[in-house]
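File shown here: model-v5.cif, holding mmCIF, C-alpha atoms.
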data_run
loop_
_atom_site.label_atom_id
_atom_site.label_comp_id
_atom_site.auth_asym_id
_atom_site.auth_seq_id
_atom_site.Cartn_x
_atom_site.Cartn_y
_atom_site.Cartn_z
CA MET J 175 268.07 -55.91 212.80
CA ILE J 176 271.73 -54.90 212.61
CA GLY J 177 272.29 -51.18 212.21
CA ARG J 178 275.50 -49.17 211.99
CA PHE J 179 278.93 -50.75 211.75
CA ASN J 180 280.32 -49.71 215.13
CA HIS J 181 283.95 -50.78 214.74
CA VAL J 182 286.47 -53.32 213.54
CA ALA J 183 288.93 -54.45 216.22
CA ILE J 184 292.53 -55.35 215.38
CA ALA J 185 294.67 -57.14 217.97
CA VAL J 186 298.27 -55.89 217.87
CA PRO J 187 301.44 -57.20 219.53
CA ASP J 188 302.93 -53.70 220.01
CA LEU J 189 300.50 -50.88 220.72
CA ASN J 190 302.99 -48.02 220.37
CA ALA J 191 304.16 -49.29 217.00
CA ALA J 192 300.56 -49.73 215.82
CA VAL J 193 299.68 -46.19 216.91
CA LYS J 194 302.66 -44.88 214.96
CA THR J 195 301.59 -46.85 211.88
CA TYR J 196 298.04 -45.56 211.97
CA GLN J 197 299.08 -42.00 212.85
CA ASP J 198 302.22 -41.47 210.82
CA VAL J 199 301.96 -43.95 207.95
CA LEU J 200 298.19 -43.98 207.36
CA GLY J 201 297.69 -40.40 208.59
CA ALA J 202 294.69 -41.16 210.81
CA LYS J 203 293.52 -39.48 214.02
CA VAL J 204 294.10 -41.79 216.99
CA SER J 205 293.06 -41.46 220.64
CA ALA J 206 295.28 -41.85 223.68
CA PRO J 207 295.53 -45.48 224.91
CA GLN J 208 292.77 -46.37 227.35
CA ASP J 209 293.05 -49.23 229.84
CA GLU J 210 289.92 -51.36 230.16
CA PRO J 211 290.74 -53.66 233.08
CA ALA J 212 287.24 -55.17 233.07
CA HIS J 213 287.82 -56.33 229.48
CA GLY J 214 291.48 -57.22 229.72
CA VAL J 215 292.56 -54.84 226.99
CA THR J 216 294.21 -51.53 226.39
CA VAL J 217 292.46 -49.88 223.47
CA VAL J 218 293.32 -47.10 221.05
CA PHE J 219 290.56 -45.70 218.87
CA VAL J 220 291.35 -44.79 215.28
CA GLU J 221 288.69 -42.24 214.41
CA LEU J 222 287.45 -42.36 210.82
CA PRO J 223 284.66 -40.13 209.44
CA ASN J 224 282.03 -42.89 209.44
CA THR J 225 283.19 -45.47 212.00
CA LYS J 226 286.23 -46.45 214.02
CA VAL J 227 289.01 -48.99 214.20
CA GLU J 228 289.99 -50.27 217.63
CA LEU J 229 293.56 -51.36 218.21
CA LEU J 230 293.55 -53.91 221.05
CA TYR J 231 296.50 -54.86 223.23
CA PRO J 232 296.33 -57.42 226.09
CA LEU J 233 295.99 -56.05 229.63
CA GLY J 234 296.54 -58.43 232.53
CA GLU J 235 297.05 -62.18 232.66
CA ASN J 236 293.53 -63.17 231.65
CA SER J 237 293.19 -60.96 228.62
CA PRO J 238 290.72 -62.47 226.12
CA ILE J 239 293.03 -61.52 223.25
CA LYS J 240 296.14 -63.24 224.62
CA GLY J 241 295.22 -66.56 223.00
CA PHE J 242 294.49 -64.81 219.72
CA LEU J 243 297.94 -63.19 219.70
CA ASP J 244 299.56 -66.52 220.61
CA LYS J 245 298.01 -67.94 217.43
CA ASN J 246 298.59 -64.77 215.39
CA PRO J 247 301.83 -63.28 216.75
CA GLY J 248 301.91 -60.50 214.17
CA GLY J 249 298.36 -59.41 215.03
CA GLY J 250 295.14 -59.65 213.06
CA ILE J 251 291.52 -58.65 212.81
CA HIS J 252 289.88 -59.88 216.01
CA HIS J 253 286.21 -58.99 215.60
CA ILE J 254 283.66 -56.67 214.02
CA CYS J 255 280.84 -54.93 215.87
CA TYR J 256 277.35 -54.15 214.63
CA GLU J 257 274.91 -51.91 216.49
CA VAL J 258 271.44 -53.09 217.43
CA ASP J 259 268.52 -51.15 218.91
CA ASP J 260 267.69 -53.67 221.63
CA ILE J 261 270.27 -56.23 222.68
CA LEU J 262 267.77 -58.58 224.34
CA VAL J 263 265.46 -58.64 221.33
CA ALA J 264 268.52 -59.28 219.15
CA ARG J 265 269.74 -62.07 221.41
CA ASP J 266 266.40 -63.83 221.47
CA ARG J 267 266.02 -63.60 217.71
CA LEU J 268 269.53 -65.00 217.22
CA LYS J 269 269.00 -67.86 219.64
CA ALA J 270 265.69 -68.72 217.97
CA SER J 271 267.52 -68.96 214.64
CA GLY J 272 270.08 -71.35 216.13
CA ALA J 273 273.02 -68.91 216.39
CA ARG J 274 275.21 -69.36 219.45
CA VAL J 275 275.71 -66.46 221.84
CA LEU J 276 279.03 -66.71 223.70
CA GLY J 277 279.31 -66.82 227.49
CA SER J 278 276.24 -66.81 229.72
CA GLY J 279 274.07 -65.20 227.06
CA ASP J 280 273.52 -62.18 229.29
CA PRO J 281 274.82 -58.89 227.86
CA LYS J 282 277.88 -57.39 229.51
CA ILE J 283 278.79 -53.73 229.61
CA GLY J 284 281.30 -53.19 226.81
CA ALA J 285 284.20 -50.80 226.38
CA HIS J 286 281.84 -47.95 225.38
CA GLY J 287 279.62 -48.38 228.44
CA ASN J 288 276.82 -50.03 226.45
CA PRO J 289 275.50 -53.61 226.67
CA VAL J 290 277.24 -56.03 224.31
CA LEU J 291 277.16 -59.70 223.31
CA PHE J 292 279.51 -61.82 221.22
CA LEU J 293 278.34 -64.42 218.69
CA HIS J 294 280.10 -67.66 217.83
CA PRO J 295 282.46 -67.21 214.84
CA LYS J 296 281.47 -70.62 213.44
CA ASP J 297 277.92 -69.36 212.95
CA PHE J 298 279.16 -66.27 211.04
CA TYR J 299 281.74 -67.58 208.57
CA GLY J 300 284.82 -67.41 210.76
CA THR J 301 283.99 -63.91 211.97
CA LEU J 302 283.67 -63.08 215.66
CA VAL J 303 280.68 -60.72 215.74
CA GLU J 304 280.00 -58.31 218.60
CA LEU J 305 276.58 -56.74 218.94
CA GLU J 306 276.33 -53.47 220.83
CA GLN J 307 273.17 -51.74 221.94
CA ALA J 308 274.30 -48.30 220.90
CA LYS J 309 271.67 -46.27 222.70
CA ALA J 310 270.02 -46.61 226.08
CA PRO J 311 266.50 -48.04 225.71
CA ALA J 312 263.69 -45.51 225.95
CA ALA J 313 262.43 -45.11 229.52
CA ALA J 314 259.21 -46.98 230.24
CA GLU J 315 256.13 -44.75 230.22
CA MET D 288 295.43 -39.54 204.80
CA ILE D 289 292.94 -42.39 205.18
CA GLY D 290 289.33 -41.26 205.08
CA ARG D 291 286.09 -43.23 205.30
CA PHE D 292 285.98 -46.93 206.08
CA ASN D 293 284.76 -48.22 202.73
CA HIS D 294 284.09 -51.86 203.62
CA VAL D 295 285.12 -55.01 205.41
CA ALA D 296 285.30 -58.09 203.18
CA ILE D 297 284.45 -61.57 204.48
CA ALA D 298 285.35 -64.63 202.39
CA VAL D 299 282.65 -67.30 202.65
CA PRO D 300 282.57 -70.93 201.49
CA ASP D 301 278.84 -70.86 200.64
CA LEU D 302 277.46 -67.59 199.29
CA ASN D 303 273.78 -68.54 199.44
CA ALA D 304 274.07 -69.62 203.05
CA ALA D 305 275.95 -66.42 203.96
CA VAL D 306 273.27 -64.30 202.27
CA LYS D 307 270.61 -66.13 204.27
CA THR D 308 272.54 -65.55 207.50
CA TYR D 309 272.96 -61.82 206.89
CA GLN D 310 269.42 -61.39 205.57
CA ASP D 311 267.36 -63.66 207.79
CA VAL D 312 269.43 -64.05 210.98
CA LEU D 313 271.04 -60.59 211.20
CA GLY D 314 268.19 -58.83 209.40
CA ALA D 315 270.40 -56.81 207.06
CA LYS D 316 269.72 -55.52 203.54
CA VAL D 317 271.80 -57.46 201.02
CA SER D 318 272.29 -56.94 197.28
CA ALA D 319 271.95 -59.54 194.55
CA PRO D 320 275.19 -61.49 193.92
CA GLN D 321 277.42 -59.76 191.38
CA ASP D 322 280.10 -61.60 189.38
CA GLU D 323 283.39 -59.75 189.09
CA PRO D 324 285.36 -61.90 186.62
CA ALA D 325 288.26 -59.42 186.53
CA HIS D 326 288.70 -59.89 190.29
CA GLY D 327 287.91 -63.58 190.52
CA VAL D 328 285.05 -63.11 192.97
CA THR D 329 281.31 -63.10 193.21
CA VAL D 330 280.35 -60.40 195.68
CA VAL D 331 277.26 -59.62 197.74
CA PHE D 332 277.01 -56.24 199.42
CA VAL D 333 275.52 -56.03 202.89
CA GLU D 334 274.34 -52.44 203.12
CA LEU D 335 274.65 -50.84 206.55
CA PRO D 336 273.74 -47.21 207.31
CA ASN D 337 277.37 -46.03 207.48
CA THR D 338 279.41 -48.53 205.45
CA LYS D 339 279.14 -51.96 203.89
CA VAL D 340 280.21 -55.55 204.36
CA GLU D 341 281.23 -57.48 201.26
CA LEU D 342 280.69 -61.22 201.18
CA LEU D 343 283.24 -62.72 198.77
CA TYR D 344 283.00 -66.08 197.05
CA PRO D 345 285.61 -67.43 194.59
CA LEU D 346 284.87 -67.08 190.89
CA GLY D 347 287.03 -69.05 188.43
CA GLU D 348 290.18 -71.09 188.90
CA ASN D 349 292.51 -68.21 189.72
CA SER D 350 290.40 -66.51 192.33
CA PRO D 351 292.60 -64.57 194.79
CA ILE D 352 290.47 -65.81 197.71
CA LYS D 353 290.78 -69.51 196.87
CA GLY D 354 293.98 -69.87 198.90
CA PHE D 355 292.43 -67.98 201.81
CA LEU D 356 289.47 -70.38 201.89
CA ASP D 357 291.81 -73.37 201.64
CA LYS D 358 293.47 -72.12 204.84
CA ASN D 359 290.19 -70.99 206.44
CA PRO D 360 287.57 -73.45 205.18
CA GLY D 361 284.82 -71.94 207.31
CA GLY D 362 285.48 -68.44 205.97
CA GLY D 363 286.92 -65.38 207.64
CA ILE D 364 287.59 -61.67 207.41
CA HIS D 365 289.71 -61.21 204.29
CA HIS D 366 290.49 -57.48 204.21
CA ILE D 367 289.39 -54.00 205.17
CA CYS D 368 289.25 -51.01 202.83
CA TYR D 369 289.98 -47.38 203.61
CA GLU D 370 289.22 -44.53 201.22
CA VAL D 371 291.88 -42.06 200.14
CA ASP D 372 291.58 -38.86 198.12
CA ASP D 373 294.44 -39.60 195.75
CA ILE D 374 295.70 -43.14 195.33
CA LEU D 375 299.05 -42.15 193.79
CA VAL D 376 299.84 -39.66 196.56
CA ALA D 377 298.87 -42.33 199.10
CA ARG D 378 301.02 -44.96 197.40
CA ASP D 379 304.08 -42.73 197.28
CA ARG D 380 303.69 -41.73 200.92
CA LEU D 381 303.34 -45.39 201.95
CA LYS D 382 306.35 -46.48 199.94
CA ALA D 383 308.43 -43.64 201.40
CA SER D 384 307.52 -44.88 204.88
CA GLY D 385 308.66 -48.41 204.01
CA ALA D 386 305.23 -50.03 203.68
CA ARG D 387 304.95 -52.63 200.94
CA VAL D 388 302.37 -52.21 198.20
CA LEU D 389 301.30 -55.55 196.72
CA GLY D 390 301.66 -56.41 193.02
CA SER D 391 303.20 -54.00 190.54
CA GLY D 392 302.45 -50.97 192.71
CA ASP D 393 300.20 -49.54 190.02
CA PRO D 394 296.57 -49.10 191.05
CA LYS D 395 294.04 -51.45 189.47
CA ILE D 396 290.38 -50.74 188.92
CA GLY D 397 288.51 -52.31 191.85
CA ALA D 398 285.08 -53.83 192.16
CA HIS D 399 283.47 -50.38 192.51
CA GLY D 400 285.11 -49.01 189.35
CA ASN D 401 287.64 -46.93 191.31
CA PRO D 402 291.45 -47.29 191.50
CA VAL D 403 292.62 -49.52 194.35
CA LEU D 404 295.83 -50.85 195.87
CA PHE D 405 296.49 -53.55 198.45
CA LEU D 406 299.10 -53.22 201.23
CA HIS D 407 301.14 -56.05 202.72
CA PRO D 408 299.42 -57.51 205.83
CA LYS D 409 302.76 -57.87 207.62
CA ASP D 410 303.16 -54.08 207.60
CA PHE D 411 299.68 -53.59 209.13
CA TYR D 412 299.47 -56.09 211.99
CA GLY D 413 298.18 -59.09 210.09
CA THR D 414 295.53 -57.05 208.31
CA LEU D 415 295.27 -56.97 204.53
CA VAL D 416 294.49 -53.31 203.80
CA GLU D 417 292.91 -52.12 200.57
CA LEU D 418 293.03 -48.44 199.68
CA GLU D 419 290.40 -47.10 197.32
CA GLN D 420 290.35 -43.71 195.67
CA ALA D 421 286.68 -43.13 196.29
CA LYS D 422 286.17 -40.20 193.94
CA ALA D 423 287.51 -39.40 190.52
CA PRO D 424 290.30 -36.81 190.75
CA ALA D 425 289.32 -33.25 189.85
CA ALA D 426 289.87 -32.51 186.16
CA ALA D 427 293.05 -30.58 185.41
CA GLU D 428 292.45 -26.88 184.80
#
Can you present the structure in this file as structure tokens?
Amino acid sequence: MIGRFNHVAIAVPDLNAAVKTYQDVLGAKVSAPQDEPAHGVTVVFVELPNTKVELLYPLGENSPIKGFLDKNPGGGIHHICYEVDDILVARDRLKASGARVLGSGDPKIGAHGNPVLFLHPKDFYGTLVELEQAKAPAAAE
Amino acid sequence: MIGRFNHVAIAVPDLNAAVKTYQDVLGAKVSAPQDEPAHGVTVVFVELPNTKVELLYPLGENSPIKGFLDKNPGGGIHHICYEVDDILVARDRLKASGARVLGSGDPKIGAHGNPVLFLHPKDFYGTLVELEQAKAPAAAE
């Protein structure tokens, strides 16, 4: 069911410093910061040959990563994201197996414009897992 | 400097259960468990099209992930690994920039038979970073 590893997301307390670290110290190619008000984050993409790292910084008062940074003031790995072909098929299969889908259970549009869901970390060994439907479904005949 | 994303490693308190989750719930291809006595872990590789996930379980009394599981009994993301072309060049560049290399600073042979180093999580936003020289260096002329 899961396909490509879409990204690992790292929450950081200082986005400019993190960009400098990834650019100057690790020598990686990083994007310009991008505000995602709908998701409560500013994101910088670190582009690697086979996948990407997302550096997340809170945007707005209700940012979903604010609590994470309160608990981990120096930052930390926030989640990993796997691609799936069909997010609804994936959701139904996960629910049938007893895994908990966070929120309403309906996919939201994620930072890349594709439908996403998050799975409960307790069902995946302390790892917050995002599933992203990487491609638009084929049009009905 | 950093190249491909080699893997993300997740420490788990029950390897058989984690294999079942990745195989049956997430529908991924997983390898047979492999004991790595030199590294104090038993590892299962989850093979994704573009990279891999490593499920780590402690092996022996001095396992380096024992303390992590004591602090995170349900498991959690332990480290991420980036590939570099030349581990000694990478190490010297990192040291010159003030980043701390763990241990003696000399590369060890990692679970894939290649030289590896670990970098201090405090210098990388709470993320334990492994660097792996993915290919043998070219023979001297």
If you count all atoms listed in the file, which residues fall within 12 Å of segment 348-352 of chain D, apart from same-chain ones fewer than 2 positions away, as a compact mmCIF listing (two decimals) with C-alpha atoms, in the coordinates of the input?
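Below is the file part00.txt, written as the result:
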# COMPACT_ATOMS: atom_id res chain seq x y z
CA ALA D 296 285.30 -58.09 203.18
CA ILE D 297 284.45 -61.57 204.48
CA ALA D 298 285.35 -64.63 202.39
CA VAL D 299 282.65 -67.30 202.65
CA PRO D 300 282.57 -70.93 201.49
CA ASP D 322 280.10 -61.60 189.38
CA GLU D 323 283.39 -59.75 189.09
CA PRO D 324 285.36 -61.90 186.62
CA ALA D 325 288.26 -59.42 186.53
CA HIS D 326 288.70 -59.89 190.29
CA GLY D 327 287.91 -63.58 190.52
CA VAL D 328 285.05 -63.11 192.97
CA THR D 329 281.31 -63.10 193.21
CA VAL D 330 280.35 -60.40 195.68
CA LEU D 342 280.69 -61.22 201.18
CA LEU D 343 283.24 -62.72 198.77
CA TYR D 344 283.00 -66.08 197.05
CA PRO D 345 285.61 -67.43 194.59
CA LEU D 346 284.87 -67.08 190.89
CA GLY D 354 293.98 -69.87 198.90
CA PHE D 355 292.43 -67.98 201.81
CA LEU D 356 289.47 -70.38 201.89
CA ASP D 357 291.81 -73.37 201.64
CA LYS D 358 293.47 -72.12 204.84
CA ASN D 359 290.19 -70.99 206.44
CA PRO D 360 287.57 -73.45 205.18
CA GLY D 362 285.48 -68.44 205.97
CA GLY D 363 286.92 -65.38 207.64
CA ILE D 364 287.59 -61.67 207.41
CA HIS D 365 289.71 -61.21 204.29
CA HIS D 366 290.49 -57.48 204.21
> Suppose you want the space between atom CA of Gly279 of chain J and atom CA of Ala315 of chain D; what is it in Å?
Replying inline: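 Going from atom CA of Gly279 of chain J over to atom CA of Ala315 of chain D covers 22.0 Å.
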>> Please expand the PyMOL selection byres ((chain D) within 7 of (chain J)) into the concrete residues it hits in this file, giving the result as a list in words.
In response: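 Here the PyMOL selection byres ((chain D) within 7 of (chain J)) matches Met288, Ile289, Gly290, Arg291, Phe292, Val299, Val312, Leu313, Gly314, Ala315, Leu335, Pro336, Asn337, Thr338, Gly361, Gly362, Gly363, Ile364, Leu381, Ser384, Tyr412, Gly413 and Thr414 of chain D.
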>> Can you tell me which residues surround Lys282 of chain J at a distance of at most 8 Å, considering only C-alpha atoms, apart from same-chain residues fewer than 5 positions away, and format the answer as a PyMOL selection string?
In response: chain J and resi 289-291
> List as a PyMOL selection string: which residues have an atom within 10 Å of (293.9, -48.8, 197.0), counting all atoms listed in the file?
Replying inline: chain D and resi 368-371+373-375+377-378+388+392-397+401-406+416-421
>> Quick check, in Å to one decimal: how far apart do atom CA of Val333 of chain D and atom CA of Gly400 of chain D lie?
In response: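 Those two atoms sit 18.0 Å apart.
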>> Using Å and a single decimal, report how far atom CA of His407 of chain D sits from atom CA of Pro320 of chain D.
In response: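 Separation of atom CA of Pro320 of chain D and atom CA of His407 of chain D: 27.9 Å.
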Residue completion, segment 195-227 of chain J, N, CA and C atoms, as an mmCIF file, in the frame of the given file:
data_model
loop_
_atom_site.group_PDB
_atom_site.id
_atom_site.type_symbol
_atom_site.label_atom_id
_atom_site.label_comp_id
_atom_site.auth_asym_id
_atom_site.auth_seq_id
_atom_site.Cartn_x
_atom_site.Cartn_y
_atom_site.Cartn_z
ATOM 1 N N THR J 195 301.986 -46.471 213.237
ATOM 2 C CA THR J 195 301.590 -46.850 211.880
ATOM 3 C C THR J 195 300.317 -46.136 211.464
ATOM 4 N N TYR J 196 299.311 -46.183 212.344
ATOM 5 C CA TYR J 196 298.040 -45.560 211.970
ATOM 6 C C TYR J 196 298.138 -44.029 211.913
ATOM 7 N N GLN J 197 298.957 -43.453 212.782
ATOM 8 C CA GLN J 197 299.080 -42.000 212.850
ATOM 9 C C GLN J 197 300.003 -41.469 211.751
ATOM 10 N N ASP J 198 301.191 -42.055 211.694
ATOM 11 C CA ASP J 198 302.220 -41.470 210.820
ATOM 12 C C ASP J 198 302.168 -42.037 209.400
ATOM 13 N N VAL J 199 301.935 -43.347 209.285
ATOM 14 C CA VAL J 199 301.960 -43.950 207.950
ATOM 15 C C VAL J 199 300.608 -43.782 207.263
ATOM 16 N N LEU J 200 299.521 -44.076 207.972
ATOM 17 C CA LEU J 200 298.190 -43.980 207.360
ATOM 18 C C LEU J 200 297.545 -42.598 207.589
ATOM 19 N N GLY J 201 298.166 -41.778 208.431
ATOM 20 C CA GLY J 201 297.690 -40.400 208.590
ATOM 21 C C GLY J 201 296.316 -40.299 209.233
ATOM 22 N N ALA J 202 296.013 -41.179 210.175
ATOM 23 C CA ALA J 202 294.690 -41.160 210.810
ATOM 24 C C ALA J 202 294.779 -40.477 212.178
ATOM 25 N N LYS J 203 293.623 -40.090 212.684
ATOM 26 C CA LYS J 203 293.520 -39.480 214.020
ATOM 27 C C LYS J 203 293.334 -40.613 215.024
ATOM 28 N N VAL J 204 294.226 -40.713 216.007
ATOM 29 C CA VAL J 204 294.100 -41.790 216.990
ATOM 30 C C VAL J 204 293.982 -41.200 218.389
ATOM 31 N N SER J 205 293.260 -41.908 219.249
ATOM 32 C CA SER J 205 293.060 -41.460 220.640
ATOM 33 C C SER J 205 294.258 -41.876 221.489
ATOM 34 N N ALA J 206 294.298 -41.359 222.708
ATOM 35 C CA ALA J 206 295.280 -41.850 223.680
ATOM 36 C C ALA J 206 294.887 -43.266 224.091
ATOM 37 N N PRO J 207 295.867 -44.119 224.455
ATOM 38 C CA PRO J 207 295.530 -45.480 224.910
ATOM 39 C C PRO J 207 294.668 -45.427 226.171
ATOM 40 N N GLN J 208 293.729 -46.349 226.251
ATOM 41 C CA GLN J 208 292.770 -46.370 227.350
ATOM 42 C C GLN J 208 292.754 -47.785 227.925
ATOM 43 N N ASP J 209 293.079 -47.910 229.206
ATOM 44 C CA ASP J 209 293.050 -49.230 229.840
ATOM 45 C C ASP J 209 291.617 -49.609 230.166
ATOM 46 N N GLU J 210 291.252 -50.836 229.840
ATOM 47 C CA GLU J 210 289.920 -51.360 230.160
ATOM 48 C C GLU J 210 290.112 -52.623 230.974
ATOM 49 N N PRO J 211 290.425 -52.463 232.289
ATOM 50 C CA PRO J 211 290.740 -53.660 233.080
ATOM 51 C C PRO J 211 289.606 -54.684 233.083
ATOM 52 N N ALA J 212 288.366 -54.224 233.047
ATOM 53 C CA ALA J 212 287.240 -55.170 233.070
ATOM 54 C C ALA J 212 287.212 -56.032 231.819
ATOM 55 N N HIS J 213 287.820 -55.567 230.728
ATOM 56 C CA HIS J 213 287.820 -56.330 229.480
ATOM 57 C C HIS J 213 289.177 -56.907 229.132
ATOM 58 N N GLY J 214 290.170 -56.626 229.965
ATOM 59 C CA GLY J 214 291.480 -57.220 229.720
ATOM 60 C C GLY J 214 292.178 -56.679 228.489
ATOM 61 N N VAL J 215 291.899 -55.429 228.153
ATOM 62 C CA VAL J 215 292.560 -54.840 226.990
ATOM 63 C C VAL J 215 292.920 -53.377 227.244
ATOM 64 N N THR J 216 293.967 -52.954 226.566
ATOM 65 C CA THR J 216 294.210 -51.530 226.390
ATOM 66 C C THR J 216 293.799 -51.216 224.969
ATOM 67 N N VAL J 217 293.033 -50.150 224.792
ATOM 68 C CA VAL J 217 292.460 -49.880 223.470
ATOM 69 C C VAL J 217 292.838 -48.484 222.995
ATOM 70 N N VAL J 218 293.116 -48.395 221.713
ATOM 71 C CA VAL J 218 293.320 -47.100 221.050
ATOM 72 C C VAL J 218 292.277 -47.015 219.942
ATOM 73 N N PHE J 219 291.576 -45.889 219.892
ATOM 74 C CA PHE J 219 290.560 -45.700 218.870
ATOM 75 C C PHE J 219 291.144 -44.932 217.686
ATOM 76 N N VAL J 220 291.007 -45.499 216.503
ATOM 77 C CA VAL J 220 291.350 -44.790 215.280
ATOM 78 C C VAL J 220 290.045 -44.206 214.755
ATOM 79 N N GLU J 221 289.960 -42.888 214.736
ATOM 80 C CA GLU J 221 288.690 -42.240 214.410
ATOM 81 C C GLU J 221 288.608 -41.931 212.917
ATOM 82 N N LEU J 222 287.682 -42.606 212.240
ATOM 83 C CA LEU J 222 287.450 -42.360 210.820
ATOM 84 C C LEU J 222 286.127 -41.588 210.699
ATOM 85 N N PRO J 223 285.876 -40.965 209.537
ATOM 86 C CA PRO J 223 284.660 -40.130 209.440
ATOM 87 C C PRO J 223 283.370 -40.900 209.699
ATOM 88 N N ASN J 224 283.313 -42.184 209.347
ATOM 89 C CA ASN J 224 282.030 -42.890 209.440
ATOM 90 C C ASN J 224 282.009 -44.032 210.443
ATOM 91 N N THR J 225 283.155 -44.394 211.013
ATOM 92 C CA THR J 225 283.190 -45.470 212.000
ATOM 93 C C THR J 225 284.546 -45.424 212.678
ATOM 94 N N LYS J 226 284.890 -46.468 213.426
ATOM 95 C CA LYS J 226 286.230 -46.450 214.020
ATOM 96 C C LYS J 226 286.890 -47.828 213.953
ATOM 97 N N VAL J 227 288.210 -47.782 214.078
ATOM 98 C CA VAL J 227 289.010 -48.990 214.200
ATOM 99 C C VAL J 227 289.501 -49.000 215.634
#
